[in-house]
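**Student:** Sharing work-v7.txt, compact mmCIF, C-alpha atoms:
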```txt
# COMPACT_ATOMS: atom_id res chain seq x y z
CA MET G 246 169.92 66.58 194.97
CA ASN G 247 171.08 63.25 193.80
CA SER G 248 172.24 61.02 196.58
CA LYS G 249 173.99 57.95 195.34
CA MET G 250 173.66 55.20 197.90
CA LYS G 251 175.92 52.67 196.36
CA THR G 252 177.80 52.36 193.14
CA LEU G 253 179.41 49.10 192.36
CA SER G 254 180.53 49.76 188.85
CA LEU G 255 184.23 49.35 188.37
CA ALA G 256 183.99 51.93 185.63
CA VAL G 257 182.85 54.52 188.15
CA LEU G 258 184.87 53.84 191.25
CA GLY G 259 187.51 51.52 189.97
CA PHE G 260 188.08 49.67 193.20
CA VAL G 261 184.78 48.29 194.34
CA GLY G 262 182.07 46.10 192.98
CA PHE G 263 183.25 42.93 191.37
CA GLY G 264 186.76 44.14 190.57
CA ALA G 265 190.05 44.04 192.38
CA ALA G 266 191.59 47.04 194.07
CA GLY G 267 194.55 48.35 192.15
CA ALA G 268 194.81 45.33 189.93
CA ALA G 269 197.31 45.88 187.16
CA VAL G 270 196.33 42.67 185.44
CA ALA G 271 193.07 40.82 185.19
CA ALA G 272 192.57 39.54 188.71
CA CYS G 273 189.29 39.51 190.54
CA PRO G 274 188.98 39.58 194.33
CA ALA G 275 188.49 36.43 196.29
CA SER G 276 185.99 38.19 198.52
CA LEU G 277 182.96 40.25 197.54
CA THR G 278 182.74 41.87 200.98
CA PRO G 279 183.39 44.72 201.02
CA PRO G 280 182.02 46.51 199.08
CA TRP G 281 178.93 44.35 199.44
CA THR G 282 177.57 44.00 202.94
CA ALA G 283 177.41 40.24 202.80
CA LEU G 284 177.66 37.24 200.58
CA ASN G 285 174.49 35.18 200.73
CA VAL G 286 175.07 31.68 199.44
CA GLY G 287 173.55 28.41 200.50
CA SER G 288 172.08 25.08 199.42
CA GLY G 289 174.54 24.55 196.60
CA GLY G 290 174.71 28.12 195.35
CA ALA G 291 178.01 29.74 194.41
CA ALA G 292 178.77 33.42 193.87
CA THR G 293 182.20 34.67 192.86
CA SER G 294 183.87 37.57 191.13
CA VAL G 295 185.29 36.54 187.76
CA THR G 296 186.88 38.25 184.80
CA GLY G 297 184.81 39.39 181.85
CA GLY G 298 183.06 42.47 183.22
CA TYR G 299 180.91 44.52 180.89
CA ASP G 300 181.34 47.93 179.38
CA SER G 301 185.08 48.11 180.10
CA THR G 302 184.86 46.81 183.65
CA GLU G 303 187.27 44.11 184.65
CA CYS G 304 185.17 41.73 186.69
CA ARG G 305 181.59 40.61 187.07
CA LEU G 306 179.54 38.54 189.49
CA GLN G 307 179.15 34.91 188.51
CA SER G 308 176.14 33.30 190.16
CA ALA G 309 175.12 29.66 189.91
CA LEU G 310 172.50 27.62 191.75
CA GLY G 311 172.38 24.01 192.88
CA THR G 312 169.60 21.47 192.93
CA SER G 313 167.80 22.78 196.00
CA GLY G 314 164.80 25.06 195.78
CA ALA G 315 166.39 27.10 198.56
CA SER G 316 169.62 27.54 196.64
CA ARG G 317 170.94 31.10 196.55
CA ALA G 318 174.03 32.81 195.18
CA GLN G 319 173.65 36.48 195.96
CA VAL G 320 175.38 39.55 197.28
CA ARG G 321 173.54 41.74 199.77
CA ASP G 322 173.51 45.52 200.14
CA ASP G 323 172.42 46.91 203.51
CA THR G 324 173.14 50.51 202.53
CA PRO G 325 169.51 51.51 201.89
CA ALA G 326 167.76 52.91 204.94
CA ASN G 327 164.00 52.71 204.46
CA GLU G 328 164.29 54.53 201.15
CA THR G 329 160.98 55.89 199.90
CA ARG G 330 162.54 56.63 196.52
CA TYR G 331 164.81 53.93 195.23
CA ARG G 332 166.33 53.83 191.78
CA ALA G 333 168.68 51.02 190.86
CA GLN G 334 170.31 49.55 187.81
CA PHE G 335 172.34 46.45 187.09
CA ILE G 336 173.52 44.37 184.17
CA PHE G 337 172.18 40.85 183.79
CA ASP G 338 173.64 38.38 181.30
CA ALA G 339 171.60 35.19 180.89
CA SER G 340 173.55 33.90 177.90
CA SER G 341 174.73 30.81 179.79
CA LEU G 342 171.26 30.01 181.13
CA SER G 343 168.71 27.92 179.31
CA GLY G 344 165.44 29.70 178.56
CA ALA G 345 163.55 26.49 177.98
CA GLY G 346 160.17 26.27 179.68
CA GLY G 347 157.79 28.85 181.05
CA THR G 348 158.06 27.49 184.58
CA ASN G 349 161.84 27.77 184.42
CA GLN G 350 162.22 30.65 186.89
CA ALA G 351 164.58 32.10 189.49
CA ASP G 352 164.94 35.39 191.34
CA ILE G 353 167.64 37.78 190.12
CA PHE G 354 167.06 40.88 192.26
CA LEU G 355 165.23 41.67 195.50
CA ALA G 356 164.54 44.97 197.27
CA ASN G 357 163.18 44.27 200.72
CA ALA G 358 161.29 46.32 203.28
CA PRO G 359 162.52 46.47 206.89
CA ALA G 360 159.67 44.20 207.97
CA ALA G 361 156.92 42.20 206.35
CA ASN G 362 153.62 43.94 205.65
CA ASN G 363 150.54 41.90 204.73
CA GLY G 364 152.86 38.89 205.01
CA LEU G 365 155.13 40.20 202.25
CA LEU G 366 158.69 41.48 202.79
CA ARG G 367 159.66 42.25 199.21
CA LEU G 368 158.99 45.65 197.74
CA ILE G 369 160.44 44.51 194.42
CA GLN G 370 161.11 40.99 193.19
CA GLY G 371 162.93 40.63 189.88
CA LYS G 372 162.66 37.23 188.21
CA PHE G 373 164.27 35.42 185.30
CA LEU G 374 161.83 33.30 183.31
CA GLY G 375 162.11 30.98 180.37
CA ALA G 376 159.44 30.32 177.78
CA GLY G 377 158.14 27.40 175.76
CA ALA G 378 160.12 28.60 172.76
CA GLY G 379 163.24 29.11 174.86
CA THR G 380 163.07 32.90 174.97
CA LYS G 381 164.75 34.34 178.05
CA ARG G 382 162.57 36.81 179.88
CA VAL G 383 162.36 38.87 183.06
CA GLN G 384 159.51 40.13 185.20
CA LEU G 385 159.29 42.64 188.03
CA ILE G 386 156.76 42.15 190.82
CA ALA G 387 155.94 44.99 193.22
CA ALA G 388 154.38 45.01 196.67
CA CYS G 389 151.00 46.73 196.67
CA ASN G 390 148.05 46.98 199.00
CA ASN G 391 145.59 45.40 196.56
CA GLY G 392 143.59 43.63 199.24
CA GLY G 393 144.58 40.20 197.98
CA THR G 394 148.01 38.84 197.18
CA SER G 395 149.73 42.17 197.92
CA LYS G 396 151.66 41.61 194.70
CA CYS G 397 151.21 43.70 191.56
CA LEU G 398 152.71 41.99 188.55
CA GLY G 399 154.67 43.63 185.79
CA THR G 400 154.57 42.48 182.21
CA VAL G 401 156.85 39.56 181.38
CA GLU G 402 159.47 41.14 179.13
CA ASN G 403 161.78 39.43 176.65
CA LEU G 404 165.42 40.20 177.32
CA PRO G 405 166.51 42.42 174.43
CA ASN G 406 169.88 40.67 174.26
CA GLN G 407 169.36 36.92 174.47
CA THR G 408 173.06 36.13 174.11
CA GLY G 409 174.72 38.89 176.12
CA PRO G 410 174.27 41.60 178.72
CA ASN G 411 171.08 43.51 179.41
CA ARG G 412 170.68 46.66 181.43
CA ILE G 413 167.78 46.66 183.90
CA GLU G 414 166.81 49.83 185.72
CA PHE G 415 163.81 50.73 187.83
CA ASP G 416 162.45 53.69 189.76
CA LEU G 417 160.35 52.91 192.84
CA THR G 418 158.36 55.41 194.85
CA VAL G 419 156.95 54.22 198.16
CA GLY G 420 153.82 55.85 199.55
CA ALA G 421 150.07 56.07 199.31
CA ALA G 422 150.51 56.74 195.60
CA GLY G 423 153.42 54.42 194.97
CA THR G 424 154.83 53.98 191.50
CA LEU G 425 157.24 51.66 189.73
CA LYS G 426 158.75 52.39 186.33
CA TYR G 427 161.38 50.26 184.64
CA TRP G 428 163.71 50.20 181.67
CA ILE G 429 165.21 47.07 180.08
CA SER G 430 167.70 47.43 177.25
CA ASP G 431 170.56 45.74 175.42
CA ALA G 432 173.64 46.73 177.41
CA THR G 433 175.82 46.69 174.31
CA GLY G 434 173.92 49.72 173.03
CA PRO G 435 172.88 53.07 174.43
CA ALA G 436 170.50 53.22 177.37
CA PRO G 437 166.97 54.43 176.61
CA ALA G 438 166.00 57.99 177.40
CA GLU G 439 164.32 58.39 180.77
CA ALA G 440 161.01 59.16 179.10
CA SER G 441 161.12 55.89 177.15
CA THR G 442 160.18 53.43 179.85
CA THR G 443 159.89 49.77 179.02
CA GLY G 444 156.95 49.49 181.38
CA THR G 445 155.24 50.58 184.55
CA ILE G 446 153.50 48.67 187.29
CA THR G 447 150.33 50.10 188.75
CA ILE G 448 150.72 49.98 192.53
CA THR G 449 147.10 49.30 193.42
CA GLY G 450 146.31 50.66 196.87
CA GLY G 451 149.77 52.14 197.23
CA ASN G 452 152.73 50.60 199.02
CA ALA G 453 153.12 52.85 202.06
CA GLY G 454 152.78 49.92 204.45
CA TRP G 455 156.18 48.62 203.37
CA VAL G 456 157.89 51.83 204.61
CA GLY G 457 160.82 51.78 202.18
CA VAL G 458 163.70 49.79 200.73
CA ASP G 459 165.99 48.62 203.49
CA GLN G 460 168.02 45.87 201.86
CA ALA G 461 168.81 44.62 198.37
CA TYR G 462 169.99 41.28 196.99
CA LEU G 463 171.60 40.76 193.57
CA GLY G 464 172.18 37.31 192.09
CA LEU G 465 170.32 34.10 191.35
CA ALA G 466 168.12 32.52 194.04
CA SER G 467 165.03 30.41 194.60
CA PRO G 468 165.11 28.23 191.49
CA SER G 469 161.86 26.60 190.44
CA PRO G 470 161.96 22.84 189.80
CA ALA G 471 162.18 23.54 186.06
CA PHE G 472 165.07 25.97 186.56
CA ARG G 473 166.89 23.36 188.62
CA ALA G 474 166.36 20.78 185.89
CA ALA G 475 167.57 23.08 183.13
CA ASN G 476 170.07 25.34 184.84
CA ALA G 477 171.59 23.74 187.94
CA GLY G 478 175.26 24.72 187.87
CA ALA G 479 174.78 27.16 184.97
CA ASN G 480 176.05 30.69 185.40
CA GLY G 481 174.16 33.94 185.41
CA TYR G 482 176.27 37.09 185.32
CA PHE G 483 175.70 40.46 186.94
CA ASP G 484 177.61 43.73 186.94
CA GLN G 485 177.50 47.49 187.45
CA PHE G 486 174.98 47.69 190.27
CA ASP G 487 174.15 51.31 191.02
CA SER G 488 171.42 52.59 193.33
CA ARG G 489 170.32 56.16 193.91
CA ARG G 490 167.46 58.16 195.32
CA GLN G 491 166.64 60.72 192.67
CA THR G 492 168.24 60.77 189.26
CA TYR G 493 167.85 58.48 186.29
CA ILE G 494 170.94 56.33 185.92
CA GLY G 495 170.86 55.53 182.21
CA HIS G 496 174.35 54.89 180.89
CA MET B 213 170.55 27.59 238.10
CA ASN B 214 169.91 25.65 234.96
CA LYS B 215 172.30 22.99 233.83
CA PHE B 216 172.52 21.58 230.37
CA ILE B 217 172.86 17.90 229.82
CA SER B 218 173.48 16.31 226.50
CA GLY B 219 173.45 12.85 225.14
CA LEU B 220 172.80 10.83 222.07
CA ALA B 221 169.12 10.50 221.58
CA PHE B 222 166.52 9.73 219.01
CA VAL B 223 163.14 11.32 218.97
CA ALA B 224 160.41 10.56 216.52
CA VAL B 225 157.60 13.02 216.79
CA ALA B 226 154.63 12.12 214.66
CA PHE B 227 152.22 14.87 213.76
CA ALA B 228 149.15 13.16 212.48
CA GLY B 229 146.11 14.23 214.42
CA GLN B 230 144.53 17.39 215.72
CA SER B 231 146.86 20.02 217.12
CA ALA B 232 146.33 22.43 219.96
CA PHE B 233 148.79 24.70 218.20
CA ALA B 234 148.28 26.86 215.18
CA GLN B 235 151.76 25.99 213.89
CA THR B 236 152.52 29.67 213.47
CA CYS B 237 155.32 31.80 214.85
CA ALA B 238 152.99 33.07 217.56
CA ALA B 239 151.78 29.60 218.49
CA PRO B 240 154.31 27.12 217.15
CA GLY B 241 154.08 23.38 217.42
CA GLY B 242 156.48 21.59 219.72
CA PRO B 243 158.76 22.45 221.35
CA ILE B 244 160.95 19.74 219.88
CA THR B 245 163.43 18.55 222.50
CA LEU B 246 165.12 15.32 223.45
CA SER B 247 162.21 14.29 225.60
CA PRO B 248 160.19 11.68 223.73
CA SER B 249 156.85 13.16 222.92
CA THR B 250 154.09 12.95 220.41
CA THR B 251 152.14 16.00 219.44
CA PRO B 252 149.25 15.10 217.19
CA ALA B 253 148.57 17.72 214.58
CA THR B 254 146.75 18.26 211.36
CA CYS B 255 148.00 20.70 208.83
CA THR B 256 146.41 23.90 210.05
CA ALA B 257 149.19 26.08 208.72
CA ALA B 258 148.80 29.62 207.51
CA ASP B 259 151.08 31.28 204.99
CA GLU B 260 153.38 33.33 207.19
CA PHE B 261 156.44 33.10 204.96
CA ASP B 262 156.35 34.56 201.49
CA SER B 263 160.12 34.61 201.79
CA ILE B 264 162.62 33.21 204.27
CA CYS B 265 166.35 33.21 205.05
CA GLY B 266 166.59 36.96 205.52
CA GLY B 267 164.07 37.47 202.75
CA SER B 268 166.45 36.02 200.18
CA VAL B 269 164.58 32.80 199.38
CA SER B 270 161.04 32.54 198.04
CA ALA B 271 158.71 30.34 200.06
CA ILE B 272 155.48 30.06 198.14
CA GLY B 273 153.72 27.34 200.12
CA THR B 274 151.76 27.40 203.33
CA SER B 275 154.00 27.23 206.37
CA ALA B 276 153.96 25.14 209.52
CA VAL B 277 156.19 26.27 212.37
CA TYR B 278 157.67 24.22 215.21
CA GLN B 279 159.78 25.50 218.06
CA VAL B 280 163.15 23.81 218.56
CA ASN B 281 165.01 24.33 221.82
CA VAL B 282 168.74 23.94 221.36
CA GLY B 283 171.39 23.73 224.05
CA SER B 284 175.15 23.73 223.64
CA PRO B 285 177.17 21.91 222.49
CA ASN B 286 174.91 20.44 219.83
CA ASN B 287 175.13 18.11 216.86
CA PHE B 288 171.87 16.94 215.38
CA SER B 289 169.75 16.27 212.32
CA ILE B 290 166.07 16.95 211.81
CA THR B 291 164.25 14.87 209.22
CA VAL B 292 160.81 15.83 207.99
CA THR B 293 158.86 13.32 205.94
CA PRO B 294 155.66 14.54 204.30
CA GLY B 295 152.66 12.49 203.47
CA ALA B 296 150.77 12.35 200.20
CA GLY B 297 153.62 13.32 197.90
CA TYR B 298 153.90 16.93 199.04
CA ASP B 299 157.10 18.67 197.88
CA HIS B 300 158.12 20.57 200.97
CA ALA B 301 161.19 22.56 201.93
CA ILE B 302 162.42 22.83 205.51
CA PHE B 303 164.25 25.69 207.17
CA LEU B 304 165.74 26.03 210.64
CA ILE B 305 165.66 29.76 211.41
CA GLY B 306 166.60 32.02 214.27
CA PRO B 307 167.01 34.02 216.33
CA GLY B 308 163.40 35.05 215.96
CA CYS B 309 160.65 33.72 213.77
CA LEU B 310 160.48 36.27 210.98
CA GLN B 311 161.01 36.42 207.24
CA THR B 312 164.12 38.46 208.08
CA SER B 313 165.48 35.80 210.47
CA ASN B 314 168.64 33.96 209.48
CA CYS B 315 168.55 30.43 208.14
CA VAL B 316 170.98 28.27 210.06
CA ALA B 317 170.10 25.24 207.94
CA ASP B 318 167.74 24.44 205.09
CA ALA B 319 166.92 21.63 202.70
CA ASP B 320 164.85 21.29 199.55
CA ASN B 321 166.50 18.64 197.44
CA ALA B 322 164.48 15.50 197.74
CA GLY B 323 161.39 16.12 195.65
CA PRO B 324 157.71 15.26 196.16
CA GLY B 325 156.93 12.88 198.99
CA ALA B 326 160.53 12.45 200.06
CA ALA B 327 162.14 13.34 203.36
CA GLU B 328 164.21 16.51 203.74
CA VAL B 329 167.03 16.64 206.28
CA VAL B 330 168.80 19.55 207.94
CA THR B 331 171.98 18.97 209.90
CA ILE B 332 173.84 21.03 212.48
CA PRO B 333 176.71 21.77 212.13
CA ASN B 334 176.96 22.51 208.43
CA ALA B 335 178.95 24.75 206.11
CA LEU B 336 176.56 27.63 206.70
CA THR B 337 176.53 27.17 210.46
CA PRO B 338 179.70 25.56 211.83
CA THR B 339 178.58 26.33 215.38
CA LEU B 340 175.03 26.91 216.55
CA ALA B 341 174.57 28.96 219.69
CA ALA B 342 172.15 27.68 222.29
CA GLY B 343 168.72 29.20 222.05
CA THR B 344 165.25 28.96 220.62
CA TYR B 345 165.01 28.24 216.93
CA PHE B 346 162.09 27.51 214.64
CA LEU B 347 161.62 24.71 212.15
CA VAL B 348 159.58 26.04 209.23
CA ILE B 349 158.00 23.51 206.89
CA ASP B 350 157.08 25.31 203.67
CA SER B 351 157.47 24.80 199.94
CA THR B 352 159.39 26.49 197.17
CA SER B 353 157.44 24.71 194.46
CA THR B 354 153.85 24.18 195.61
CA ALA B 355 151.69 27.17 196.43
CA ALA B 356 149.16 25.43 198.65
CA GLY B 357 148.23 22.18 200.28
CA CYS B 358 150.53 21.35 203.15
CA VAL B 359 150.14 17.87 204.60
CA PRO B 360 150.83 16.20 207.94
CA SER B 361 154.49 15.40 208.44
CA THR B 362 156.63 13.16 210.57
CA ILE B 363 159.49 14.93 212.29
CA SER B 364 162.47 12.97 213.59
CA VAL B 365 165.42 14.32 215.52
CA THR B 366 168.67 12.45 215.93
CA GLY B 367 171.90 13.46 217.62
CA THR B 368 172.75 15.77 220.44
CA LEU B 369 170.17 18.42 221.11
CA PRO B 370 170.77 19.28 224.79
CA VAL B 371 167.83 20.10 226.95
CA SER B 372 167.76 22.47 229.86
CA LEU B 373 167.62 20.73 233.27
CA LYS B 374 165.30 22.90 235.31
CA ASN B 375 165.68 21.25 238.71
CA PHE B 376 168.48 19.25 240.24
CA SER B 377 168.99 18.24 243.85
CA VAL B 378 170.99 15.72 245.87
CA GLU B 379 169.53 14.35 249.06
```
Spell out the structure here as structure tokens.
**Tutor:**
Amino acid sequence: MNSKMKTLSLAVLGFVGFGAAGAAVAACPASLTPPWTALNVGSGGAATSVTGGYDSTECRLQSALGTSGASRAQVRDDTPANETRYRAQFIFDASSLSGAGGTNQADIFLANAPAANNGLLRLIQGKFLGAGAGTKRVQLIAACNNGGTSKCLGTVENLPNQTGPNRIEFDLTVGAAGTLKYWISDATGPAPAEASTTGTITITGGNAGWVGVDQAYLGLASPSPAFRAANAGANGYFDQFDSRRQTYIGH
Amino acid sequence: MNKFISGLAFVAVAFAGQSAFAQTCAAPGGPITLSPSTTPATCTAADEFDSICGGSVSAIGTSAVYQVNVGSPNNFSITVTPGAGYDHAIFLIGPGCLQTSNCVADADNAGPGAAEVVTIPNALTPTLAAGTYFLVIDSTSTAAGCVPSTISVTGTLPVSLKNFSVE
């Protein structure tokens, strides 16, 4: 049975996420909590709900970082409860961010365990990356018991839509035979079929020690020095966060 | 009964020699209080913090941890100056000394070799409850190679008066 833990798409619920309850005209809420558990901003970061949501939604999350390496502009979801199967999807629009430089990096999504294992708290870390040619890219990193860094790296993927919204979905299984599959597509088009994954990450040694997903963050955070130089004050946009236990989300 | 006294004070704690502490959460350096003290230390830090501030911020460097005892009311700044051009970030976390602990203040603006300063109160923490907190010196930009630092505390950081009698 599908158990939807949290849906923050205005198109689905109409009154949560980044939109305003009962708004007859374009007006986005001053507060993101609820439906999010908490707003997590600091060190010059700013996160607000603004007009211009995607796929017929009214509002979206606007996230911008400052000049500190500890800058963060995120919303936090405490709904997950040590989930051993965690599927989530969100829209990420990097059109206002510069993609210049391969060391131009910042986090965009985090799925954390209830406690650190092997010194690592994050079951999934999603990152935005630039490139020498200015191509905007993303990478997923998964916790794994590989006997070394405890991090298994996904392929660095070009964002299919460099100038607009992209849909990012993943399917994490936590256990001795953990798995991570992901799909990245242009959000202005149809979502890929479930069988057509963009990539998978081999969870070497499994990920059972991390128990399950207990908390998620969405939004920009932890800018590298190059990101701060190129993108301080620039906006990344997020929308339509949806997390479930079982079924493919798609579109 | 303990009483808290507060007053304007300046403490410069230089960490430059060998430490009896591991500078970890289990065996932190310090405690940093108003009492003038010098705790010599080399950089023996491990990498306890892959992330910090409730797991929301990446901390890719090695970490050195110092205990900070805070009374109430309080109003203080902690300045950490690294040697040898290290680009550190500093975080005051608590309660607890975990990756999931809250950040009550943090700073990572100054760049390599420059001092970072955290101040209480701030926008994130208008009021800081009395208790035990931890100063974590880490880095968001340099994966390895922590260096000895100089830690200075200014302001009101009340200390607990353990014994008081009138004869």
**Student:** Counting only C-alpha atoms, a student should be able to say which residues of chain G come within 9 Å of chain B; what is the right answer, written as a list in words?
**Tutor:**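 The answer, sorted by residue number, is Asn285, Val286, Gly287, Ser288, Thr312, Ser313, Gly314, Ala315, Ser316, Arg317, Gln319, Asp352, Leu355, Asn357, Pro359, Ala360, Ala361, Gly364, Leu365, Leu366, Arg367, Tyr462, Ala466, Ser467, Pro468, Ser469 and Pro470 of chain G.
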**Student:** Those same residues, written as a short mmCIF file (atom, residue, chain, number, x, y, z; two decimals), keeping the file's coordinate frame with C-alpha atoms?
**Tutor:**
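What ended up in result-v6.cif:
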```
data_model
loop_
_atom_site.label_atom_id
_atom_site.label_comp_id
_atom_site.auth_asym_id
_atom_site.auth_seq_id
_atom_site.Cartn_x
_atom_site.Cartn_y
_atom_site.Cartn_z
CA ASN G 285 174.49 35.18 200.73
CA VAL G 286 175.07 31.68 199.44
CA GLY G 287 173.55 28.41 200.50
CA SER G 288 172.08 25.08 199.42
CA THR G 312 169.60 21.47 192.93
CA SER G 313 167.80 22.78 196.00
CA GLY G 314 164.80 25.06 195.78
CA ALA G 315 166.39 27.10 198.56
CA SER G 316 169.62 27.54 196.64
CA ARG G 317 170.94 31.10 196.55
CA GLN G 319 173.65 36.48 195.96
CA ASP G 352 164.94 35.39 191.34
CA LEU G 355 165.23 41.67 195.50
CA ASN G 357 163.18 44.27 200.72
CA PRO G 359 162.52 46.47 206.89
CA ALA G 360 159.67 44.20 207.97
CA ALA G 361 156.92 42.20 206.35
CA GLY G 364 152.86 38.89 205.01
CA LEU G 365 155.13 40.20 202.25
CA LEU G 366 158.69 41.48 202.79
CA ARG G 367 159.66 42.25 199.21
CA TYR G 462 169.99 41.28 196.99
CA ALA G 466 168.12 32.52 194.04
CA SER G 467 165.03 30.41 194.60
CA PRO G 468 165.11 28.23 191.49
CA SER G 469 161.86 26.60 190.44
CA PRO G 470 161.96 22.84 189.80
#
```
**Student:** Would you list the contacts of Ala479 in chain G as a PyMOL selection string, taking every protein, DNA or RNA residue within 10 Å and counting only C-alpha atoms, but skipping same-chain residues closer than 4 positions in sequence?
**Tutor:** chain G and resi 307-311+339-343+472-473+475
**Student:** Can you work out which one of B:Ala239, B:Val282, B:Ala234, B:Ala258 has the shortest atom-to-atom distance to Asp350 in chain B, counting all atoms listed in the file?
**Tutor:**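 Closest residue, counting all atoms listed in the file: B:Ala258.
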**Student:** So which residues touch Ala238 in chain B within 12 Å, counting all atoms listed in the file, skipping near sequence neighbours fewer than 3 positions away, as a ChimeraX atom specification?
**Tutor:** /B:233-235,241,257-258,260,276-279,308-310,346
**Student:** Point out the residue among B:Asn281, B:Thr274, B:Asn334, B:Thr368 with the least atom-to-atom distance to Leu347 in chain B, counting only C-alpha atoms.
**Tutor:**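 Comparing B:Asn281, B:Thr274, B:Asn334, B:Thr368 against Leu347 in chain B, the winner is B:Asn281.
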**Student:** Would you compute the box with edges along x, y and z of the file around range 350-354 of chain B, including every atom the file lists for it and 3 Å extra on each side, and give its centre and edge lengths in Å to one decimal, as JSON?
**Tutor:**
```
{"center_x": 156.6, "center_y": 25.3, "center_z": 199.1, "size_x": 11.5, "size_y": 8.3, "size_z": 15.2}
```
**Student:** Do you have the CA of Thr293 in chain B-CA of Val348 in chain B distance handy?
**Tutor:**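 So the answer is 13.2 Å.
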**Student:** Counting all atoms listed in the file, figure out which residue out of G:Lys396, G:Arg412, G:Lys381, G:Lys372 gets nearest to Asp487 in chain G.
**Tutor:**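 Nearest candidate to Asp487 in chain G out of G:Lys396, G:Arg412, G:Lys381, G:Lys372: G:Arg412.
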**Student:** May I ask which of the residues B:Ile290, B:Cys237, B:Leu369, B:Ile272 is the closest one to Ala341 in chain B, counting all atoms listed in the file?
**Tutor:**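 For Ala341 in chain B, the nearest of the given residues is B:Leu369.
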**Student:** Do you have the CA of Gln491 in chain G-CA of Gly457 in chain G distance handy?
**Tutor:**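 Separating CA of Gln491 in chain G from CA of Gly457 in chain G is a distance of 14.3 Å.
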**Student:** From the set G:Arg330, G:Asn363, G:Ala318, G:Ala345, which residue has the shortest atom-to-atom contact distance to Ala474 in chain G, counting only C-alpha atoms?
**Tutor:**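 Among G:Arg330, G:Asn363, G:Ala318, G:Ala345, it is G:Ala345 that comes nearest to Ala474 in chain G.
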**Student:** Nearest residue to Gly392 in chain G out of G:Ile369, G:Ala358, G:Leu306, G:Ile448, using all atoms listed in the file?
**Tutor:**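 Selected residue with least distance to Gly392 in chain G: G:Ile448.
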**Student:** For CA of Ala272 in chain G and CA of Gly297 in chain G, quote the distance in Å rounded to one decimal.
**Tutor:**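 Atom-to-atom, CA of Ala272 in chain G to CA of Gly297 in chain G, that is 10.4 Å.
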